[in-house]
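For reference, the structure discussed in these notes is given below.
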Amino acid sequence: KRQIKWVMKTAKKSMSAGNPQGKGVVPVLDAWRTAQPAVVEAKVPRQVLEDYFTGMLVLSADFAFKPRRGVSYYLYLAAGSWRLSLIAPAEWGDRSPGSCLAQCQLRDDMTWQLELHQEVDNQPELAEALAAFHDGFVNLLDRETTLEESLPYCVRELPYHRRLAAAGLSSSLSQSMLLSGLAGKTARSWLEGMPRISLAAPAAFSSQEFDDAIN
């Protein structure tokens, strides 16, 4: 409902901004539809939380383009902030924006896959930034509302393309939780047994004990 409300509000803005015939409505609706997951599968708790963490990390990065499924992007730490780019580390030459954490790809279900860069172990600033983001993620979940209510369905502060991608991620995760029988659990309950993220094991939500605790 929150996603539909945002789509209609954006469409109304388009009509009122010198476009009374509503010619901007169709592009907005099309963009919203393309940002929805093409496939959705049931997932174990650790996969849901891993996809949530990874998606939030990528979407916290600065970018002003429409991310496309299957395309390789690169996540950099530039002056203390995350930045997503189409340019690989080797292609920058002397103009690199910062340290590269990972190569990223948007999956068909609107979650993100990360492959750590080979030089990541030699860059302590990445470990510090990732630890800080992890702590913020934990604070986000440390409440009695459901995990679904914490999802970024419509974050007004985000730029357009990031907002659409966040809505797609939220739709994907909420549907996966429904299929898995995990919907309705408090966000705080998901923290029980959650391993700490590290550069050595970014996909650290692999504990069977964690799955058992959530189920």
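All residue names refer to the structure tokens as shown: chains lettered A, B, ... in order, residues numbered from 1 in each chain, ligands numbered from 1 in order.
Residues in contact range of Val120 in chain A, defined as at most 10 Å between only C-alpha atoms, with sequence neighbours fewer than 4 positions away removed, read Ser99, Cys100, Leu101, Ala102, Leu116, Pro124, Glu125, Leu126, Ala127, Leu199 and Ala200 of chain A.
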With C-alpha atoms kept, could you save the residues just selected as a short mmCIF file (atom, residue, chain, number, x, y, z; two decimals), in the first residue's frame?
data_model
loop_
_atom_site.label_atom_id
_atom_site.label_comp_id
_atom_site.auth_asym_id
_atom_site.auth_seq_id
_atom_site.Cartn_x
_atom_site.Cartn_y
_atom_site.Cartn_z
CA SER A 99 38.60 2.07 -1.77
CA CYS A 100 36.54 -0.60 -3.53
CA LEU A 101 34.60 -2.93 -1.24
CA ALA A 102 32.89 -5.19 -3.75
CA LEU A 116 34.41 -8.72 -2.29
CA PRO A 124 41.19 -1.17 7.30
CA GLU A 125 39.00 1.84 6.50
CA LEU A 126 36.59 -0.54 4.78
CA ALA A 127 36.35 -2.72 7.87
CA LEU A 199 35.07 -8.43 5.84
CA ALA A 200 36.24 -11.98 6.38
#
Which parts of range 11-178 of chain A does DSSP call alpha helix (DSSP H) when run on the backbone here, written out as a PyMOL selection string? chain A and resi 11-16+25-34+45-59+124-141+147-150+160-178
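Atom to atom, CA of Pro159 in chain A and CA of Met110 in chain A stand 17.4 Å apart.
Nearest to His117 in chain A of all the residues A:Cys104, A:Leu49, A:Leu178, A:Leu57 is A:Cys104, based on only C-alpha atoms.
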Would you please extract all strand (DSSP E or B) residues from range 5-131 of chain A, as assigned by DSSP on the backbone, and give them as a VMD selection string? chain A and resid 62 69 72 to 78 81 to 85 99 to 106 112 to 116
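If you measure from each of A:Ala129, A:Leu191, A:Leu140, A:Leu106 to Gly168 in chain A using only C-alpha atoms, the closest one turns out to be A:Leu106.
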So, with only C-alpha atoms as the atoms that count, which of A:Ala90, A:Lys66, A:Ala187, A:Thr145 lies closest to Glu119 in chain A? A:Ala90
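Shortest separation to Asp51 in chain A among A:Asp121, A:Glu149, A:Gly80, A:Ser176 occurs at residue A:Ser176, atoms counted being only C-alpha atoms.
The interatomic distance for the pair CA of Gln123 in chain A and CA of Ser81 in chain A works out to 14.9 Å.
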I'd like the neighbourhood of Trp82 in chain A as number ranges by chain, where a residue qualifies if any of its atoms comes within 7 Å (using only C-alpha atoms), though same-chain residues fewer than 6 positions away should be ignored. A: 60-62, 75-76
